[in-house]
Every structure is written in C-alpha cells, then in structure tokens.
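Below is the file input_27.pdb, which contains PDB, N, CA and C atoms.
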ATOM      1  N   MET N  95       0.827  -1.200   0.000
ATOM      2  CA  MET N  95       0.000   0.000   0.000
ATOM      3  C   MET N  95       0.865   1.256   0.000
ATOM      4  N   LYS N  96       1.910   1.259   0.847
ATOM      5  CA  LYS N  96       2.776   2.436   0.918
ATOM      6  C   LYS N  96       3.500   2.653  -0.409
ATOM      7  N   LEU N  97       3.930   1.551  -1.043
ATOM      8  CA  LEU N  97       4.624   1.664  -2.318
ATOM      9  C   LEU N  97       3.689   2.249  -3.377
ATOM     10  N   TRP N  98       2.438   1.803  -3.391
ATOM     11  CA  TRP N  98       1.468   2.325  -4.342
ATOM     12  C   TRP N  98       1.234   3.818  -4.119
ATOM     13  N   LEU N  99       1.086   4.215  -2.855
ATOM     14  CA  LEU N  99       0.865   5.621  -2.518
ATOM     15  C   LEU N  99       2.075   6.464  -2.906
ATOM     16  N   PHE N 100       3.271   5.938  -2.641
ATOM     17  CA  PHE N 100       4.501   6.642  -3.024
ATOM     18  C   PHE N 100       4.554   6.814  -4.541
ATOM     19  N   SER N 101       4.236   5.745  -5.278
ATOM     20  CA  SER N 101       4.268   5.802  -6.745
ATOM     21  C   SER N 101       3.273   6.820  -7.280
ATOM     22  N   LEU N 102       2.074   6.824  -6.702
ATOM     23  CA  LEU N 102       1.058   7.781  -7.129
ATOM     24  C   LEU N 102       1.499   9.214  -6.849
ATOM     25  N   THR N 103       2.021   9.454  -5.659
ATOM     26  CA  THR N 103       2.492  10.793  -5.286
ATOM     27  C   THR N 103       3.631  11.242  -6.198
ATOM     28  N   PHE N 104       4.585  10.339  -6.442
ATOM     29  CA  PHE N 104       5.722  10.661  -7.308
ATOM     30  C   PHE N 104       5.240  10.980  -8.717
ATOM     31  N   SER N 105       4.278  10.214  -9.228
ATOM     32  CA  SER N 105       3.757  10.459 -10.581
ATOM     33  C   SER N 105       3.094  11.825 -10.680
ATOM     34  N   ILE N 106       2.316  12.176  -9.677
ATOM     35  CA  ILE N 106       1.652  13.481  -9.683
ATOM     36  C   ILE N 106       2.667  14.604  -9.623
ATOM     37  N   LEU N 107       3.658  14.469  -8.743
ATOM     38  CA  LEU N 107       4.688  15.510  -8.624
ATOM     39  C   LEU N 107       5.492  15.634  -9.902
ATOM     40  N   ALA N 108       5.861  14.514 -10.501
ATOM     41  CA  ALA N 108       6.634  14.546 -11.744
ATOM     42  C   ALA N 108       5.814  15.186 -12.857
ATOM     43  N   SER N 109       4.534  14.864 -12.907
ATOM     44  CA  SER N 109       3.657  15.453 -13.919
ATOM     45  C   SER N 109       3.552  16.961 -13.731
ATOM     46  N   ASN N 110       3.392  17.402 -12.481
ATOM     47  CA  ASN N 110       3.313  18.836 -12.195
ATOM     48  C   ASN N 110       4.621  19.533 -12.524
ATOM     49  N   ALA N 111       5.752  18.895 -12.212
ATOM     50  CA  ALA N 111       7.052  19.496 -12.510
ATOM     51  C   ALA N 111       7.231  19.650 -14.010
ATOM     52  N   HIS N 112       6.795  18.644 -14.772
ATOM     53  CA  HIS N 112       6.897  18.717 -16.230
ATOM     54  C   HIS N 112       6.020  19.849 -16.758
ATOM     55  N   ALA N 113       4.808  19.944 -16.245
ATOM     56  CA  ALA N 113       3.898  21.006 -16.681
ATOM     57  C   ALA N 113       4.471  22.373 -16.330
ATOM     58  N   ASP N 114       5.044  22.503 -15.133
ATOM     59  CA  ASP N 114       5.648  23.773 -14.732
ATOM     60  C   ASP N 114       6.838  24.119 -15.617
ATOM     61  N   ALA N 115       7.666  23.126 -15.946
ATOM     62  CA  ALA N 115       8.828  23.368 -16.799
ATOM     63  C   ALA N 115       8.391  23.781 -18.199
ATOM     64  N   ALA N 116       7.373  23.114 -18.727
ATOM     65  CA  ALA N 116       6.870  23.459 -20.059
ATOM     66  C   ALA N 116       6.274  24.864 -20.055
ATOM     67  N   ALA N 117       5.524  25.201 -19.006
ATOM     68  CA  ALA N 117       4.935  26.546 -18.906
ATOM     69  C   ALA N 117       6.037  27.594 -18.781
ATOM     70  N   TYR N 118       7.061  27.290 -18.005
ATOM     71  CA  TYR N 118       8.189  28.222 -17.849
ATOM     72  C   TYR N 118       8.869  28.455 -19.194
ATOM     73  N   LEU N 119       9.100  27.377 -19.955
ATOM     74  CA  LEU N 119       9.750  27.507 -21.256
ATOM     75  C   LEU N 119       8.885  28.321 -22.220
ATOM     76  N   ARG N 120       7.580  28.055 -22.269
ATOM     77  CA  ARG N 120       6.692  28.835 -23.142
ATOM     78  C   ARG N 120       6.721  30.317 -22.776
ATOM     79  N   ASP N 121       6.691  30.611 -21.481
ATOM     80  CA  ASP N 121       6.722  31.992 -21.007
ATOM     81  C   ASP N 121       8.048  32.656 -21.373
ATOM     82  N   PHE N 122       9.145  31.934 -21.189
ATOM     83  CA  PHE N 122      10.470  32.453 -21.523
ATOM     84  C   PHE N 122      10.559  32.784 -23.007
ATOM     85  N   VAL N 123      10.097  31.867 -23.861
ATOM     86  CA  VAL N 123      10.151  32.079 -25.312
ATOM     87  C   VAL N 123       9.274  33.258 -25.714
ATOM     88  N   LYS N 124       8.108  33.381 -25.089
ATOM     89  CA  LYS N 124       7.189  34.468 -25.413
ATOM     90  C   LYS N 124       7.780  35.832 -25.059
ATOM     91  N   LYS N 125       8.507  35.915 -23.946
ATOM     92  CA  LYS N 125       9.009  37.202 -23.454
ATOM     93  C   LYS N 125      10.400  37.563 -23.959
ATOM     94  N   THR N 126      11.164  36.580 -24.394
ATOM     95  CA  THR N 126      12.546  36.840 -24.803
ATOM     96  C   THR N 126      12.577  37.422 -26.209
ATOM     97  N   ARG N 127      13.183  38.573 -26.357
ATOM     98  CA  ARG N 127      13.225  39.262 -27.643
ATOM     99  C   ARG N 127      14.580  39.154 -28.337
ATOM    100  N   ASN N 128      15.638  38.907 -27.573
ATOM    101  CA  ASN N 128      16.953  38.748 -28.187
ATOM    102  C   ASN N 128      17.834  37.893 -27.286
ATOM    103  N   GLY N 129      18.899  37.388 -27.887
ATOM    104  CA  GLY N 129      19.814  36.564 -27.116
ATOM    105  C   GLY N 129      21.093  36.311 -27.874
ATOM    106  N   ARG N 130      22.072  35.803 -27.144
ATOM    107  CA  ARG N 130      23.387  35.514 -27.713
ATOM    108  C   ARG N 130      23.985  34.368 -26.928
ATOM    109  N   ALA N 131      24.589  33.399 -27.631
ATOM    110  CA  ALA N 131      25.214  32.268 -26.954
ATOM    111  C   ALA N 131      26.343  31.713 -27.808
ATOM    112  N   GLU N 132      27.358  31.215 -27.154
ATOM    113  CA  GLU N 132      28.410  30.479 -27.839
ATOM    114  C   GLU N 132      27.926  29.044 -28.009
ATOM    115  N   PHE N 133      28.374  28.374 -29.080
ATOM    116  CA  PHE N 133      27.935  27.004 -29.307
ATOM    117  C   PHE N 133      29.064  26.143 -29.841
ATOM    118  N   THR N 134      28.886  24.840 -29.675
ATOM    119  CA  THR N 134      29.712  23.820 -30.304
ATOM    120  C   THR N 134      28.754  22.879 -31.013
ATOM    121  N   GLN N 135      29.015  22.608 -32.275
ATOM    122  CA  GLN N 135      28.148  21.766 -33.091
ATOM    123  C   GLN N 135      28.961  20.598 -33.625
ATOM    124  N   THR N 136      28.447  19.388 -33.451
ATOM    125  CA  THR N 136      29.090  18.203 -33.994
ATOM    126  C   THR N 136      28.087  17.464 -34.859
ATOM    127  N   VAL N 137      28.427  17.241 -36.118
ATOM    128  CA  VAL N 137      27.551  16.517 -37.038
ATOM    129  C   VAL N 137      27.868  15.030 -36.920
ATOM    130  N   ILE N 138      26.805  14.227 -36.755
ATOM    131  CA  ILE N 138      26.966  12.777 -36.680
ATOM    132  C   ILE N 138      26.468  12.186 -37.996
ATOM    133  N   GLN N 139      27.343  11.464 -38.673
ATOM    134  CA  GLN N 139      27.028  10.861 -39.966
ATOM    135  C   GLN N 139      26.058   9.696 -39.779
ATOM    136  N   PRO N 140      25.366   9.278 -40.847
ATOM    137  CA  PRO N 140      24.434   8.151 -40.740
ATOM    138  C   PRO N 140      25.085   6.867 -40.207
ATOM    139  N   ASP N 141      26.395   6.711 -40.455
ATOM    140  CA  ASP N 141      27.073   5.507 -39.957
ATOM    141  C   ASP N 141      27.535   5.655 -38.503
ATOM    142  N   GLY N 142      27.233   6.811 -37.871
ATOM    143  CA  GLY N 142      27.560   7.010 -36.461
ATOM    144  C   GLY N 142      28.878   7.720 -36.211
ATOM    145  N   THR N 143      29.676   7.948 -37.245
ATOM    146  CA  THR N 143      30.934   8.651 -37.035
ATOM    147  C   THR N 143      30.665  10.142 -36.830
ATOM    148  N   ARG N 144      31.501  10.727 -36.005
ATOM    149  CA  ARG N 144      31.360  12.154 -35.695
ATOM    150  C   ARG N 144      32.315  12.977 -36.548
ATOM    151  N   GLY N 145      31.797  14.083 -37.050
ATOM    152  CA  GLY N 145      32.626  15.001 -37.805
ATOM    153  C   GLY N 145      33.410  15.904 -36.864
ATOM    154  N   LYS N 146      34.210  16.755 -37.435
ATOM    155  CA  LYS N 146      34.987  17.712 -36.648
ATOM    156  C   LYS N 146      34.031  18.738 -36.045
ATOM    157  N   PRO N 147      34.173  19.042 -34.748
ATOM    158  CA  PRO N 147      33.267  20.023 -34.137
ATOM    159  C   PRO N 147      33.476  21.429 -34.707
ATOM    160  N   SER N 148      32.373  22.150 -34.842
ATOM    161  CA  SER N 148      32.402  23.550 -35.231
ATOM    162  C   SER N 148      32.036  24.378 -34.005
ATOM    163  N   THR N 149      32.630  25.551 -33.879
ATOM    164  CA  THR N 149      32.316  26.441 -32.760
ATOM    165  C   THR N 149      31.981  27.818 -33.304
ATOM    166  N   GLY N 150      31.239  28.569 -32.510
ATOM    167  CA  GLY N 150      30.892  29.910 -32.933
ATOM    168  C   GLY N 150      29.941  30.584 -31.976
ATOM    169  N   VAL N 151      29.247  31.597 -32.500
ATOM    170  CA  VAL N 151      28.308  32.396 -31.711
ATOM    171  C   VAL N 151      26.990  32.447 -32.469
ATOM    172  N   PHE N 152      25.887  32.273 -31.733
ATOM    173  CA  PHE N 152      24.541  32.404 -32.280
ATOM    174  C   PHE N 152      23.890  33.609 -31.626
ATOM    175  N   GLU N 153      23.284  34.490 -32.451
ATOM    176  CA  GLU N 153      22.586  35.669 -31.936
ATOM    177  C   GLU N 153      21.230  35.757 -32.631
ATOM    178  N   PHE N 154      20.221  36.220 -31.901
ATOM    179  CA  PHE N 154      18.919  36.404 -32.521
ATOM    180  C   PHE N 154      18.228  37.643 -31.968
ATOM    181  N   VAL N 155      17.375  38.217 -32.813
ATOM    182  CA  VAL N 155      16.489  39.319 -32.436
ATOM    183  C   VAL N 155      15.130  38.950 -33.015
ATOM    184  N   ARG N 156      14.126  38.931 -32.168
ATOM    185  CA  ARG N 156      12.795  38.573 -32.639
ATOM    186  C   ARG N 156      12.089  39.803 -33.166
ATOM    187  N   PRO N 157      11.314  39.678 -34.185
ATOM    188  CA  PRO N 157      10.953  38.445 -34.869
ATOM    189  C   PRO N 157      11.848  38.160 -36.070
ATOM    190  N   GLY N 158      12.280  36.934 -36.182
ATOM    191  CA  GLY N 158      12.847  36.413 -37.414
ATOM    192  C   GLY N 158      14.260  36.761 -37.812
ATOM    193  N   GLN N 159      15.035  37.389 -36.972
ATOM    194  CA  GLN N 159      16.412  37.706 -37.362
ATOM    195  C   GLN N 159      17.367  36.859 -36.544
ATOM    196  N   PHE N 160      18.339  36.251 -37.240
ATOM    197  CA  PHE N 160      19.366  35.524 -36.509
ATOM    198  C   PHE N 160      20.675  35.550 -37.272
ATOM    199  N   ARG N 161      21.724  35.199 -36.549
ATOM    200  CA  ARG N 161      23.064  35.244 -37.118
ATOM    201  C   ARG N 161      23.905  34.141 -36.475
ATOM    202  N   PHE N 162      24.474  33.269 -37.301
ATOM    203  CA  PHE N 162      25.444  32.276 -36.869
ATOM    204  C   PHE N 162      26.810  32.736 -37.340
ATOM    205  N   THR N 163      27.741  32.901 -36.438
ATOM    206  CA  THR N 163      29.117  33.230 -36.792
ATOM    207  C   THR N 163      29.983  32.043 -36.409
ATOM    208  N   TYR N 164      30.337  31.237 -37.405
ATOM    209  CA  TYR N 164      31.193  30.079 -37.159
ATOM    210  C   TYR N 164      32.637  30.553 -37.140
ATOM    211  N   ALA N 165      33.394  30.091 -36.143
ATOM    212  CA  ALA N 165      34.799  30.471 -36.028
ATOM    213  C   ALA N 165      35.721  29.340 -36.468
ATOM    214  N   ASN N 166      35.441  28.140 -36.003
ATOM    215  CA  ASN N 166      36.290  26.979 -36.291
ATOM    216  C   ASN N 166      35.435  25.805 -36.725
ATOM    217  N   PRO N 167      35.870  24.914 -37.553
ATOM    218  CA  PRO N 167      37.173  24.876 -38.195
ATOM    219  C   PRO N 167      37.256  25.758 -39.432
ATOM    220  N   HIS N 168      36.101  26.216 -39.952
ATOM    221  CA  HIS N 168      36.090  27.081 -41.137
ATOM    222  C   HIS N 168      35.227  28.302 -40.846
ATOM    223  N   PRO N 169      35.793  29.506 -40.882
ATOM    224  CA  PRO N 169      34.994  30.711 -40.640
ATOM    225  C   PRO N 169      33.838  30.803 -41.646
ATOM    226  N   GLN N 170      32.653  31.099 -41.126
ATOM    227  CA  GLN N 170      31.471  31.193 -41.965
ATOM    228  C   GLN N 170      30.456  32.087 -41.263
ATOM    229  N   LEU N 171      29.670  32.833 -42.038
ATOM    230  CA  LEU N 171      28.650  33.708 -41.477
ATOM    231  C   LEU N 171      27.321  33.380 -42.147
ATOM    232  N   ILE N 172      26.284  33.106 -41.334
ATOM    233  CA  ILE N 172      24.945  32.839 -41.845
ATOM    234  C   ILE N 172      24.006  33.855 -41.187
ATOM    235  N   ILE N 173      23.289  34.631 -42.017
ATOM    236  CA  ILE N 173      22.415  35.688 -41.505
ATOM    237  C   ILE N 173      21.031  35.517 -42.120
ATOM    238  N   ALA N 174      19.992  35.673 -41.271
ATOM    239  CA  ALA N 174      18.607  35.716 -41.759
ATOM    240  C   ALA N 174      18.007  37.031 -41.263
ATOM    241  N   ASP N 175      17.337  37.725 -42.172
ATOM    242  CA  ASP N 175      16.790  39.046 -41.832
ATOM    243  C   ASP N 175      15.282  39.021 -41.607
ATOM    244  N   GLY N 176      14.678  37.847 -41.582
ATOM    245  CA  GLY N 176      13.247  37.755 -41.344
ATOM    246  C   GLY N 176      12.402  37.744 -42.607
ATOM    247  N   ASN N 177      13.020  37.906 -43.736
ATOM    248  CA  ASN N 177      12.301  37.875 -45.017
ATOM    249  C   ASN N 177      12.655  36.616 -45.738
TER
END
Please express the file's structure as structure tokens.
Amino acid sequence: MKLWLFSLTFSILASNAHADAAAYLRDFVKKTRNGRAEFTQTVIQPDGTRGKPSTGVFEFVRPGQFRFTYANPHPQLIIADGN
C-alpha cells in the first residue's frame, strides 16, 4: 500500500514538474526578444561517425532575425533578416 501511494504521489509531482517546466519555457520564449550564446556543433554521420566540431556564436532578435558566426574549423557567417 505504501509503495502504491509513493508511486502515485511521485507520478503526480513529476507530472506537475513537467507542466511547470513546459509553462516556464513557453513563457520564456514568449518574453525573450533577443539573445546571444556560444555554441559547439558536432555533425553525426548516418554511420555514427562524428565530424569535426564547429564552434561559434549564435545571436537572434525577434521576430525572425538571426546570425550564426562560425569560427572553427572554417569561418562562416549565416544571416537571416526575417524575409
């Protein structure tokens, strides 16, 4: 009986935590107008081998503008202006 009650309580709490996390993420996305972050990107081939990692900076301004500035291994700039 105690195990069943514990399982039920844990399930309810986990469900509420998931709902709270999803609501927090939706609220964050709705309110965030711009951002900037450094990134590392690794492409995994269909056979499972990993390519050389790329690094750079990602920046965005809502609505619809973003910029990827790749630094390594090959400098590259990708810009979208919302159109």
Subject >> Given the PyMOL selection byres ((chain N and resi 176) around 6.5), the residues it picks as a list in words >> reply: Pro157, Gly158, Gln159, Phe160, Ala174, Asp175 and Asn177 of chain N
**OP:** Could you check how far atom N of Thr126 (chain N) sits from atom C of Glu153 (chain N), in Å to one decimal?
**Re:**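 These two atoms are separated by 13.0 Å.
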**OP:** For each of N:Leu119, N:Leu171, N:Val151, N:Ala165, take the minimum atom-to-atom distance to Glu132 (chain N), counting only N, CA and C atoms, then give the residue where this is smallest.
**Re:**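 Of all the options, N:Val151 lies closest to Glu132 (chain N).
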Original post:
Any idea what the distance is between CA of Val137 (chain N) and CA of Asn166 (chain N)?
Top reply: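 Taking CA of Val137 (chain N) and CA of Asn166 (chain N), their separation equals 13.7 Å.
Taking atom C of Ala131 (chain N) as the reference point, atom C of Gly150 (chain N) is found at 5.6 Å.
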Original post:
Can you list what the PyMOL selection byres ((chain N and resi 128) around 7) grabs from this structure, as a list of chain:residue names?
Top reply: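 Output from the PyMOL selection byres ((chain N and resi 128) around 7), applied to this file: N:Lys125, N:Thr126, N:Arg127, N:Gly129, N:Arg130, N:Glu153, N:Phe154, N:Val155, N:Arg156.
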Residues returned when the PyMOL selection byres ((chain N and resi 134) around 6) runs on this file, as a short mmCIF file (atom, residue, chain, number, x, y, z; two decimals) with N, CA and C atoms, in the frame of the given file:
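Here's the written file selection-v7.cif:
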data_model
loop_
_atom_site.label_atom_id
_atom_site.label_comp_id
_atom_site.auth_asym_id
_atom_site.auth_seq_id
_atom_site.Cartn_x
_atom_site.Cartn_y
_atom_site.Cartn_z
N GLU N 132 27.36 31.22 -27.15
CA GLU N 132 28.41 30.48 -27.84
C GLU N 132 27.93 29.04 -28.01
N PHE N 133 28.37 28.37 -29.08
CA PHE N 133 27.94 27.00 -29.31
C PHE N 133 29.06 26.14 -29.84
N GLN N 135 29.02 22.61 -32.28
CA GLN N 135 28.15 21.77 -33.09
C GLN N 135 28.96 20.60 -33.62
N THR N 136 28.45 19.39 -33.45
CA THR N 136 29.09 18.20 -33.99
C THR N 136 28.09 17.46 -34.86
N SER N 148 32.37 22.15 -34.84
CA SER N 148 32.40 23.55 -35.23
C SER N 148 32.04 24.38 -34.01
N THR N 149 32.63 25.55 -33.88
CA THR N 149 32.32 26.44 -32.76
C THR N 149 31.98 27.82 -33.30
N GLY N 150 31.24 28.57 -32.51
CA GLY N 150 30.89 29.91 -32.93
C GLY N 150 29.94 30.58 -31.98
#
**OP:** Place a sphere of radius 9 Å on (23.7, 33.0, -40.7) in the file coordinates and name every protein, DNA or RNA residue with an atom inside or on its surface, counting only C-alpha atoms; give the answer as an NGL selection string.
**Re:** :N and (152 or 160-164 or 170-174)
